[in-house]
>>> print(open('protein-v9.cif').read())   # mmCIF, C-alpha atoms
data_structure
#
loop_
_atom_site.label_atom_id
_atom_site.label_comp_id
_atom_site.auth_asym_id
_atom_site.auth_seq_id
_atom_site.Cartn_x
_atom_site.Cartn_y
_atom_site.Cartn_z
CA MET E 205 82.94 37.60 99.17
CA LEU E 206 79.40 38.80 99.87
CA ILE E 207 78.73 40.43 103.21
CA GLN E 208 75.80 38.70 104.88
CA ARG E 209 73.12 41.17 105.83
CA GLY E 210 69.86 41.17 107.73
CA GLY E 211 68.30 38.33 109.62
CA LEU E 212 67.62 34.79 108.51
CA LYS E 213 65.45 34.25 105.42
CA VAL E 214 63.70 30.88 105.53
CA VAL E 215 62.41 29.45 102.27
CA ALA E 216 59.46 27.15 102.93
CA GLY E 217 58.87 24.76 100.04
CA LEU E 218 61.32 24.10 97.23
CA GLY E 219 60.48 23.27 93.63
CA VAL E 220 61.36 25.60 90.75
CA SER E 221 60.26 28.83 92.45
CA GLY E 222 61.84 27.89 95.79
CA VAL E 223 65.20 27.19 94.16
CA SER E 224 65.07 30.55 92.36
CA VAL E 225 64.34 32.31 95.68
CA VAL E 226 67.30 30.61 97.40
CA GLN E 227 69.66 31.56 94.58
CA PHE E 228 68.39 35.15 94.49
CA LEU E 229 68.73 35.67 98.24
CA LEU E 230 72.22 34.15 98.33
CA GLU E 231 73.32 36.44 95.50
CA LYS E 232 72.04 39.40 97.51
CA GLY E 233 74.10 38.32 100.51
CA TYR E 234 71.35 37.12 102.86
CA ARG E 235 71.56 34.21 105.29
CA VAL E 236 69.22 31.54 103.95
CA ALA E 237 67.76 28.29 105.24
CA VAL E 238 65.27 25.90 103.66
CA THR E 239 62.56 23.62 104.99
CA ASP E 240 60.17 21.33 103.15
CA SER E 241 57.66 18.69 104.26
CA ARG E 242 58.90 16.33 101.55
CA ALA E 243 61.85 14.10 102.34
CA VAL E 244 63.34 14.63 98.87
CA PRO E 245 61.82 17.85 97.49
CA PRO E 246 62.35 18.73 93.82
CA GLY E 247 65.37 20.98 93.46
CA HIS E 248 67.08 19.80 96.65
CA ASP E 249 70.22 18.96 94.66
CA GLN E 250 70.49 22.61 93.52
CA ILE E 251 70.85 23.98 97.06
CA PRO E 252 74.47 24.77 98.07
CA PRO E 253 75.80 22.44 100.79
CA ASP E 254 76.44 25.31 103.23
CA VAL E 255 72.74 26.28 103.28
CA GLU E 256 70.88 24.91 106.32
CA THR E 257 68.15 22.49 105.19
CA HIS E 258 65.41 20.58 107.02
CA PHE E 259 63.45 18.10 104.89
CA GLY E 260 60.78 15.54 105.70
CA ALA E 261 58.72 17.94 107.82
CA PHE E 262 58.50 21.70 108.28
CA ASN E 263 60.97 22.62 111.00
CA GLN E 264 58.99 24.75 113.45
CA ALA E 265 62.06 25.91 115.39
CA LEU E 266 63.70 27.11 112.18
CA LEU E 267 60.58 28.97 111.07
CA LEU E 268 60.37 30.73 114.43
CA ARG E 269 64.00 31.90 114.03
CA ALA E 270 63.22 33.56 110.70
CA GLU E 271 63.32 37.28 110.10
CA GLU E 272 61.04 36.51 107.14
CA ILE E 273 59.52 33.41 105.55
CA ILE E 274 59.33 33.12 101.77
CA LEU E 275 56.54 30.68 101.05
CA SER E 276 56.12 28.50 97.97
CA PRO E 277 52.80 29.27 96.22
CA GLY E 278 51.92 25.59 96.51
CA LEU E 279 51.76 25.94 100.30
CA SER E 280 48.87 27.60 102.10
CA PRO E 281 49.69 30.34 104.61
CA ASN E 282 47.33 28.36 106.87
CA THR E 283 49.74 25.41 107.00
CA PRO E 284 50.01 24.95 110.80
CA GLU E 285 53.75 25.56 111.06
CA ILE E 286 53.57 28.65 108.83
CA HIS E 287 50.52 29.99 110.63
CA ALA E 288 52.23 29.54 114.00
CA ALA E 289 55.20 31.62 112.81
CA ALA E 290 52.91 34.32 111.41
CA GLN E 291 51.12 34.46 114.77
CA GLN E 292 54.49 35.39 116.30
CA GLY E 293 54.73 38.38 113.95
CA ILE E 294 57.09 36.83 111.42
CA PRO E 295 56.29 38.16 107.92
CA VAL E 296 55.25 35.55 105.32
CA ILE E 297 55.74 36.61 101.70
CA GLY E 298 56.24 35.02 98.28
CA ASP E 299 58.67 35.43 95.40
CA ILE E 300 56.45 38.04 93.71
CA GLN E 301 56.93 40.31 96.73
CA LEU E 302 60.70 39.84 96.48
CA LEU E 303 60.56 40.76 92.79
CA ARG E 304 58.65 43.97 93.53
CA ARG E 305 61.23 44.97 96.14
CA ALA E 306 64.10 44.23 93.78
CA THR E 307 63.02 46.33 90.80
CA ASP E 308 61.20 49.50 89.76
CA LEU E 309 60.51 48.11 86.28
CA PRO E 310 56.90 48.36 85.05
CA ILE E 311 54.97 45.17 85.77
CA ILE E 312 52.00 43.99 83.71
CA ALA E 313 50.04 41.75 86.08
CA ILE E 314 47.45 39.28 84.75
CA THR E 315 45.16 37.01 86.74
CA GLY E 316 41.72 35.42 86.45
CA SER E 317 40.08 32.06 86.96
CA ASN E 318 40.61 31.27 83.28
CA ALA E 319 42.56 32.43 80.21
CA LYS E 320 45.55 33.79 82.18
CA SER E 321 48.09 31.91 80.10
CA THR E 322 46.49 32.77 76.76
CA VAL E 323 46.34 36.48 77.57
CA THR E 324 49.83 36.54 79.10
CA THR E 325 51.32 34.83 76.05
CA LEU E 326 49.45 37.09 73.60
CA VAL E 327 50.53 40.26 75.45
CA ASP E 328 54.11 38.94 75.36
CA GLU E 329 53.89 38.41 71.59
CA MET E 330 52.41 41.88 71.09
CA LEU E 331 55.28 43.44 73.04
CA GLN E 332 57.94 41.44 71.24
CA GLN E 333 56.55 42.31 67.82
CA ALA E 334 56.48 45.96 68.90
CA GLY E 335 60.22 45.69 69.60
CA LYS E 336 60.07 45.78 73.40
CA GLN E 337 62.58 43.96 75.61
CA VAL E 338 60.15 41.95 77.74
CA ALA E 339 60.48 39.14 80.29
CA VAL E 340 57.50 36.88 81.03
CA GLY E 341 56.89 34.44 83.85
CA GLY E 342 55.39 33.91 87.28
CA ASN E 343 52.69 31.26 87.24
CA LEU E 344 53.51 30.63 83.58
CA GLY E 345 56.98 29.51 82.54
CA ARG E 346 59.95 30.94 84.41
CA PRO E 347 60.03 31.87 88.10
CA ALA E 348 59.51 35.59 88.65
CA LEU E 349 62.95 36.35 90.13
CA ASP E 350 64.74 34.73 87.19
CA LEU E 351 63.22 37.36 84.89
CA LEU E 352 65.57 40.05 86.22
CA LYS E 353 68.49 38.23 84.59
CA ASP E 354 67.12 39.31 81.17
CA GLN E 355 67.52 43.02 82.00
CA PRO E 356 64.12 43.73 80.43
CA GLU E 357 62.30 47.02 79.86
CA LEU E 358 59.19 45.62 81.49
CA ILE E 359 57.92 42.41 83.06
CA VAL E 360 54.70 40.51 82.32
CA LEU E 361 53.49 38.27 85.14
CA GLU E 362 50.79 35.63 85.10
CA LEU E 363 49.68 35.42 88.72
CA SER E 364 47.66 32.78 90.52
CA SER E 365 45.53 33.38 93.59
CA PHE E 366 48.14 31.37 95.53
CA GLN E 367 50.89 33.82 94.52
CA LEU E 368 48.72 36.83 95.24
CA GLU E 369 47.91 35.62 98.78
CA THR E 370 51.45 36.54 99.81
CA THR E 371 51.81 39.70 97.67
CA SER E 372 51.09 43.22 98.89
CA ASN E 373 51.27 46.57 97.08
CA LEU E 374 52.43 45.19 93.74
CA HIS E 375 52.09 48.69 92.18
CA ALA E 376 51.54 47.15 88.74
CA HIS E 377 51.71 49.45 85.73
CA VAL E 378 48.67 47.57 84.37
CA ALA E 379 46.65 44.94 86.23
CA VAL E 380 43.71 42.84 85.08
CA VAL E 381 41.39 40.23 86.58
CA LEU E 382 40.06 38.58 83.42
CA ASN E 383 37.15 36.67 85.00
CA MET E 384 36.05 35.13 88.27
CA SER E 385 34.48 31.72 88.76
CA GLU E 386 34.70 29.06 91.46
CA ASP E 387 38.17 27.55 91.71
CA HIS E 388 40.56 26.42 94.44
CA LEU E 389 37.83 26.56 97.07
CA ASP E 390 39.56 23.62 98.72
CA ARG E 391 42.42 26.07 99.44
CA HIS E 392 40.58 29.37 99.94
CA GLY E 393 37.53 28.02 101.73
CA ASN E 394 34.91 30.17 100.00
CA MET E 395 34.38 32.48 97.06
CA MET E 396 34.91 35.63 99.14
CA ASN E 397 38.39 34.57 100.20
CA TYR E 398 39.23 33.59 96.62
CA HIS E 399 37.96 36.95 95.35
CA GLN E 400 40.00 38.85 97.95
CA ALA E 401 43.15 36.97 97.01
CA LYS E 402 42.70 37.75 93.31
CA HIS E 403 42.01 41.44 93.95
CA ARG E 404 45.30 41.92 95.79
CA ILE E 405 46.67 42.40 92.25
CA PHE E 406 45.14 45.89 92.24
CA GLN E 407 46.95 47.24 95.33
CA GLY E 408 48.74 50.40 94.19
CA VAL E 409 47.84 49.80 90.53
CA LYS E 410 48.46 52.56 87.97
CA HIS E 411 46.11 51.37 85.17
CA VAL E 412 43.20 48.91 85.41
CA VAL E 413 41.64 46.59 82.82
CA TYR E 414 38.46 44.74 83.82
CA ASN E 415 35.74 42.57 82.29
CA ARG E 416 32.45 44.49 82.28
CA ASP E 417 30.58 41.20 81.68
CA ASP E 418 31.83 39.99 85.07
CA SER E 419 31.18 42.38 87.95
CA LEU E 420 33.57 40.45 90.19
CA THR E 421 36.54 41.67 88.12
CA ARG E 422 36.02 45.39 88.69
CA PRO E 423 38.19 46.68 91.52
CA PHE E 424 37.60 49.31 94.16
CA VAL E 425 40.40 51.76 93.34
CA PRO E 426 40.70 55.55 93.54
CA ASP E 427 38.42 57.33 91.06
CA ALA E 428 41.42 58.93 89.36
CA THR E 429 42.85 55.52 88.36
CA PRO E 430 42.66 55.15 84.55
CA MET E 431 40.44 52.17 83.64
CA LYS E 432 39.46 50.33 80.48
CA SER E 433 36.85 47.62 80.14
CA PHE E 434 36.28 44.81 77.65
CA GLY E 435 33.16 42.80 77.00
CA LEU E 436 31.14 40.90 74.43
CA ASN E 437 28.75 43.76 73.71
CA ALA E 438 28.89 47.14 72.00
CA PRO E 439 31.50 49.25 73.81
CA ASP E 440 31.28 52.82 75.02
CA MET E 441 33.78 55.35 73.69
CA ASN E 442 37.41 54.35 74.29
CA GLN E 443 36.35 50.92 75.64
CA TYR E 444 36.69 47.52 73.95
CA GLY E 445 33.88 45.25 72.80
CA VAL E 446 32.01 43.70 69.88
CA LEU E 447 30.05 45.24 67.01
CA THR E 448 27.91 43.09 64.71
CA ASP E 449 27.03 44.08 61.12
CA LEU E 450 23.63 43.45 59.58
CA ASP E 451 25.07 40.51 57.65
CA GLY E 452 26.22 38.90 60.91
CA THR E 453 29.91 39.84 60.64
CA ILE E 454 31.38 40.20 64.13
CA TRP E 455 34.04 42.83 64.74
CA LEU E 456 36.34 43.45 67.67
CA ALA E 457 35.98 47.16 68.29
CA ARG E 458 37.19 50.16 70.27
CA GLY E 459 34.19 52.39 70.74
CA ARG E 460 32.62 52.75 67.29
CA GLU E 461 35.87 51.82 65.52
CA ARG E 462 35.89 48.36 63.95
CA LEU E 463 39.36 46.86 64.43
CA ILE E 464 39.40 43.24 63.21
CA LYS E 465 36.84 40.61 62.23
CA SER E 466 36.50 37.73 64.67
CA ALA E 467 36.68 35.40 61.65
CA ASP E 468 40.24 36.67 61.02
CA LEU E 469 41.46 35.25 64.34
CA TYR E 470 42.99 31.78 64.56
CA ILE E 471 41.67 31.52 68.13
CA GLN E 472 37.95 30.88 67.81
CA GLY E 473 35.03 31.03 70.25
CA THR E 474 33.50 33.95 72.13
CA HIS E 475 35.84 33.37 75.09
CA ASN E 476 38.82 33.98 72.81
CA VAL E 477 37.22 37.16 71.45
CA ALA E 478 37.11 38.36 75.07
CA ASN E 479 40.76 37.36 75.54
CA ALA E 480 41.79 39.32 72.45
CA LEU E 481 39.87 42.39 73.60
CA ALA E 482 41.56 42.22 77.00
CA CYS E 483 44.96 42.17 75.29
CA LEU E 484 44.08 45.19 73.16
CA ALA E 485 43.09 47.15 76.28
CA ILE E 486 46.28 46.13 78.10
CA GLY E 487 48.37 46.96 75.04
CA GLU E 488 46.87 50.44 74.75
CA PHE E 489 47.88 51.24 78.33
CA ILE E 490 51.41 49.96 77.64
CA GLY E 491 51.62 52.12 74.52
CA ILE E 492 51.75 49.50 71.77
CA ALA E 493 50.63 50.82 68.38
CA LYS E 494 47.19 49.61 67.31
CA GLU E 495 48.42 48.37 63.92
CA SER E 496 51.13 46.30 65.59
CA MET E 497 48.67 44.70 68.02
CA LEU E 498 46.25 43.79 65.23
CA ALA E 499 49.07 42.23 63.19
CA THR E 500 49.96 40.05 66.18
CA LEU E 501 46.32 39.04 66.67
CA LYS E 502 46.11 37.81 63.07
CA GLN E 503 49.10 35.51 63.64
CA PHE E 504 48.41 34.17 67.15
CA LYS E 505 47.38 30.50 67.12
CA GLY E 506 46.68 29.97 70.81
CA LEU E 507 48.17 27.57 73.33
CA ALA E 508 48.27 23.80 73.64
CA HIS E 509 45.54 22.20 75.79
CA ARG E 510 43.42 25.37 75.70
CA CYS E 511 40.46 24.65 73.41
CA GLU E 512 43.03 23.37 70.92
CA TYR E 513 41.79 21.86 67.67
CA VAL E 514 43.15 18.30 67.40
CA THR E 515 41.82 16.73 64.20
CA THR E 516 38.70 15.74 62.27
CA LYS E 517 37.60 12.10 62.20
CA ALA E 518 34.57 10.99 60.16
CA ASN E 519 33.57 14.67 59.79
CA ILE E 520 33.61 15.19 63.60
CA ARG E 521 36.06 17.76 65.02
CA TYR E 522 37.89 17.03 68.28
CA TYR E 523 39.08 19.73 70.71
CA ASN E 524 41.54 19.42 73.59
CA ASP E 525 40.75 21.80 76.47
CA SER E 526 42.55 19.79 79.15
CA LYS E 527 43.63 23.09 80.74
CA GLY E 528 39.93 23.53 81.59
CA THR E 529 40.50 22.58 85.21
CA ASN E 530 37.58 24.54 86.68
CA ILE E 531 33.92 25.15 85.94
CA GLY E 532 34.41 28.62 84.48
CA ALA E 533 36.94 27.37 81.93
CA SER E 534 34.66 24.56 80.81
CA ILE E 535 31.63 26.85 80.52
CA ALA E 536 33.68 29.20 78.33
CA ALA E 537 34.76 26.31 76.08
CA ILE E 538 31.23 24.88 75.83
CA LEU E 539 29.71 28.26 74.99
CA GLY E 540 32.50 29.18 72.59
CA LEU E 541 32.23 25.99 70.52
CA GLY E 542 28.47 25.57 70.99
CA GLN E 543 27.71 29.02 69.64
CA ALA E 544 30.04 28.43 66.70
CA ILE E 545 28.19 25.28 65.52
CA GLN E 546 24.60 25.97 66.53
CA HIS E 547 23.69 27.40 63.11
CA GLN E 548 24.64 23.98 61.65
CA GLN E 549 22.44 22.20 64.24
CA GLY E 550 25.58 20.69 65.74
CA GLN E 551 26.04 20.02 69.45
CA VAL E 552 28.93 19.33 71.82
CA VAL E 553 29.80 15.86 73.09
CA LEU E 554 31.70 16.54 76.29
CA ILE E 555 34.19 14.71 78.50
CA LEU E 556 34.01 15.92 82.12
CA GLY E 557 35.53 14.75 85.38
CA GLY E 558 38.50 14.35 87.67
CA GLN E 559 39.17 15.98 91.03
CA GLY E 560 36.46 18.58 91.59
CA LYS E 561 38.23 20.80 94.17
CA GLY E 562 34.99 21.56 96.04
CA GLN E 563 33.26 23.31 93.13
CA ASP E 564 29.49 23.55 92.61
CA PHE E 565 28.93 21.62 89.37
CA LYS E 566 25.32 22.80 89.15
CA LEU E 567 26.81 25.93 87.56
CA LEU E 568 27.41 23.82 84.43
CA ARG E 569 23.72 23.07 83.94
CA GLN E 570 22.75 26.04 81.76
CA ALA E 571 25.63 25.65 79.29
CA ILE E 572 25.11 21.88 79.06
CA GLU E 573 21.34 22.18 78.54
CA GLN E 574 21.92 24.71 75.76
CA TYR E 575 24.75 23.16 73.78
CA VAL E 576 25.66 19.61 74.91
CA ARG E 577 24.22 16.39 73.49
CA THR E 578 26.08 13.84 75.67
CA VAL E 579 28.38 14.05 78.71
CA VAL E 580 30.89 11.27 79.29
CA LEU E 581 32.15 11.31 82.88
CA ILE E 582 35.55 10.13 84.07
CA GLY E 583 37.54 10.24 87.28
CA GLN E 584 37.19 10.60 91.00
CA ASP E 585 34.17 12.93 91.16
CA ALA E 586 32.17 11.50 88.25
CA THR E 587 29.15 10.55 90.38
CA LEU E 588 29.16 13.94 92.13
CA ILE E 589 29.08 15.71 88.76
CA ALA E 590 26.37 13.38 87.48
CA ALA E 591 24.11 14.29 90.41
CA ALA E 592 24.65 18.01 89.75
CA ILE E 593 23.85 17.92 86.01
CA GLU E 594 21.20 15.18 85.98
CA GLY E 595 18.54 15.80 83.32
CA CYS E 596 20.62 18.29 81.31
CA ALA E 597 21.94 15.81 78.73
CA ASP E 598 22.55 12.13 78.17
CA ILE E 599 25.13 10.98 80.76
CA GLN E 600 27.57 8.11 80.35
CA TYR E 601 30.51 6.86 82.44
CA ALA E 602 33.95 5.73 81.30
CA GLU E 603 36.68 4.00 83.28
CA THR E 604 39.50 5.19 81.03
CA LEU E 605 40.11 8.13 78.71
CA GLN E 606 40.27 5.78 75.71
CA HIS E 607 36.85 4.42 76.67
CA ALA E 608 35.57 8.00 77.00
CA VAL E 609 36.82 8.99 73.55
CA THR E 610 35.27 5.88 71.98
CA ALA E 611 31.96 6.61 73.74
CA CYS E 612 32.04 10.19 72.46
CA GLN E 613 32.62 9.03 68.90
CA ALA E 614 29.59 6.72 69.15
CA ALA E 615 27.42 9.51 70.58
CA THR E 616 28.09 12.11 67.88
CA GLU E 617 25.74 13.15 65.11
CA ALA E 618 26.36 15.27 62.02
CA ASN E 619 28.16 18.60 62.67
CA ASP E 620 28.85 17.78 66.34
CA VAL E 621 32.20 18.42 68.03
CA VAL E 622 33.89 16.34 70.75
CA LEU E 623 35.36 18.43 73.57
CA LEU E 624 37.63 17.38 76.43
CA SER E 625 37.09 20.13 79.02
CA PRO E 626 37.06 18.33 82.36
CA ALA E 627 36.31 21.24 84.76
CA CYS E 628 38.50 19.32 87.23
CA ALA E 629 42.07 18.74 88.29
CA SER E 630 43.74 15.74 86.69
CA PHE E 631 45.88 14.11 89.36
CA ASP E 632 43.49 11.24 90.10
CA MET E 633 44.28 9.68 86.71
CA PHE E 634 47.13 11.66 85.14
CA LYS E 635 50.44 13.38 85.91
CA GLY E 636 48.87 16.75 85.14
CA TYR E 637 46.65 18.51 82.63
CA GLU E 638 49.37 18.30 79.95
CA ASP E 639 49.53 14.52 80.34
CA ARG E 640 45.73 14.32 80.20
CA GLY E 641 45.66 16.41 77.02
CA GLN E 642 48.44 14.43 75.36
CA GLN E 643 46.68 11.15 76.16
CA PHE E 644 43.43 12.56 74.76
CA VAL E 645 45.16 13.47 71.51
CA ALA E 646 46.70 9.98 71.32
CA CYS E 647 43.30 8.37 71.92
CA VAL E 648 41.69 10.49 69.20
CA GLU E 649 44.43 9.61 66.72
CA LYS E 650 43.69 5.89 67.31
CA LEU E 651 40.04 6.23 66.22
#
>>> encode(input="protein-v9.cif", output="structure tokens")
Amino acid sequence: MLIQRGGLKVVAGLGVSGVSVVQFLLEKGYRVAVTDSRAVPPGHDQIPPDVETHFGAFNQALLLRAEEIILSPGLSPNTPEIHAAAQQGIPVIGDIQLLRRATDLPIIAITGSNAKSTVTTLVDEMLQQAGKQVAVGGNLGRPALDLLKDQPELIVLELSSFQLETTSNLHAHVAVVLNMSEDHLDRHGNMMNYHQAKHRIFQGVKHVVYNRDDSLTRPFVPDATPMKSFGLNAPDMNQYGVLTDLDGTIWLARGRERLIKSADLYIQGTHNVANALACLAIGEFIGIAKESMLATLKQFKGLAHRCEYVTTKANIRYYNDSKGTNIGASIAAILGLGQAIQHQQGQVVLILGGQGKGQDFKLLRQAIEQYVRTVVLIGQDATLIAAAIEGCADIQYAETLQHAVTACQAATEANDVVLLSPACASFDMFKGYEDRGQQFVACVEKL
């Protein structure tokens, strides 16, 4: 029988991560209680009957009895009941903080407005092919605390700004902010707060990787901290970037050393070149052999719903970037595909729209003016987006995704591509971005 120790740990918010926190704390012998604003929260049936639970509203009295509150990343620390407890000096943390306390294993920590999942998955594959015992999770896949069950050599975490809000002094072995663009401003309030949340990943970091094309990714850390940069230009010595031959061949490079041709990657587009360079920099700090990393790069085919090639219909290629849920992601997809087809005089026919999350859609104007022929708008914030991009391209509206796909097909000309990259959340019309992407693929197949 476990000896109960310490004060009461209150888990606020269930779901997959909340259940994993409850199970972890019980295994460690802590007294645990749970509260959730939902009457029937997901995972409620996995909580042991002897654990105190309060569902249907956050129980303020329970929260004020807590020694510590472990908050679901889906809940803002500014939720009134949580904020009231914090004002009384009760610590509010997340499962990532619990993981850091529980292990001294090296952590590879990856965040950014876009490309987190692609880079996390590619780093995982590099490590596995190099023969490392690695566990991967966090914002992607498995809850962070479940990773300890694998008894890994090291842990790779994809981290959202929501998770980082409640994480302090992660002491990551390697940490990277891949890029920064407006996202989740409905939660964070402004870009400064969002930036500060992301940069908590660097607290106590041992090695830093940053994007020299995006000044918002470079951290303020002690000068002695080893750092590597990546970018889509010629790199300085020991840094990662791009070299272009006189015949136009583009190479991923480390300093003056040409490593692999961009044409040899399955993942296409300049944004994916940047992702691959970030992985090479991370891998070098971990100690993966260069030859092993390059072999993995040649085999990696990318992730579903992330600028994923669907099919070709009537000589027009269709791409599913439903994971493009913010402006930065959609700009990267537009630029990546637009640059790839501009020498053929092709343009992008783009599906945009959904729940805009308070973003400034005027930031899309330059990419649309440069590479987009027609924009077909769907969803809740369609008229808001239309006002922001007026005059940049032909604009059409569609009531359904099938209607949008049909309108795109009619708008295409020779060598064009059709791209679903909504720059918005999906919950106004779909169950999630996966559902939106799957429906897009089904609509394309019907053409």
>>> closest_residue(input="protein-v9.cif", among="E:Ser221, E:Gln642, E:Thr616, E:Gln250", to="His509 of chain E", atoms="only C-alpha atoms")
E:Gln642
>>> residues_around(input="protein-v9.cif", residues="Thr500 of chain E", least_positions_apart="5", cutoff="9 Å", atoms="all atoms listed in the file", output="list of chain:residue names")
E:Leu326, E:Glu329, E:Met330, E:Gln333, E:Glu495
>>> atom_distance(input="protein-v9.cif", atom1="atom CA of Ile294 of chain E", atom2="atom CA of Ile273 of chain E")
7.2 Å
>>> atom_distance(input="protein-v9.cif", atom1="atom CA of Arg422 of chain E", atom2="atom CA of Ser466 of chain E")
25.2 Å
>>> atom_distance(input="protein-v9.cif", atom1="atom CA of Leu361 of chain E", atom2="atom CA of Ile312 of chain E")
6.1 Å
>>> closest_residue(input="protein-v9.cif", among="E:His377, E:Arg235, E:Arg304, E:Lys465", to="Lys213 of chain E", atoms="only C-alpha atoms")
E:Arg235
>>> resolve_selection(input="protein-v9.cif", expression="the PyMOL selection byres ((chain E and resi 541-545) around 12)", output="NGL selection string")
:E and (466-467 or 471-476 or 511-513 or 520-525 or 534-540 or 546-554 or 571-577 or 618-625)
>>> resolve_selection(input="protein-v9.cif", expression="the PyMOL selection byres ((chain E and resi 651) around 10)", output="list in words")
Lys517, Ala518, Gln606, Val609, Thr610, Gln613, Ala646, Cys647, Val648, Glu649 and Lys650 of chain E
>>> closest_residue(input="protein-v9.cif", among="E:Pro423, E:Gly298, E:Pro277, E:Pro626", to="Ser364 of chain E", atoms="only C-alpha atoms")
E:Pro277
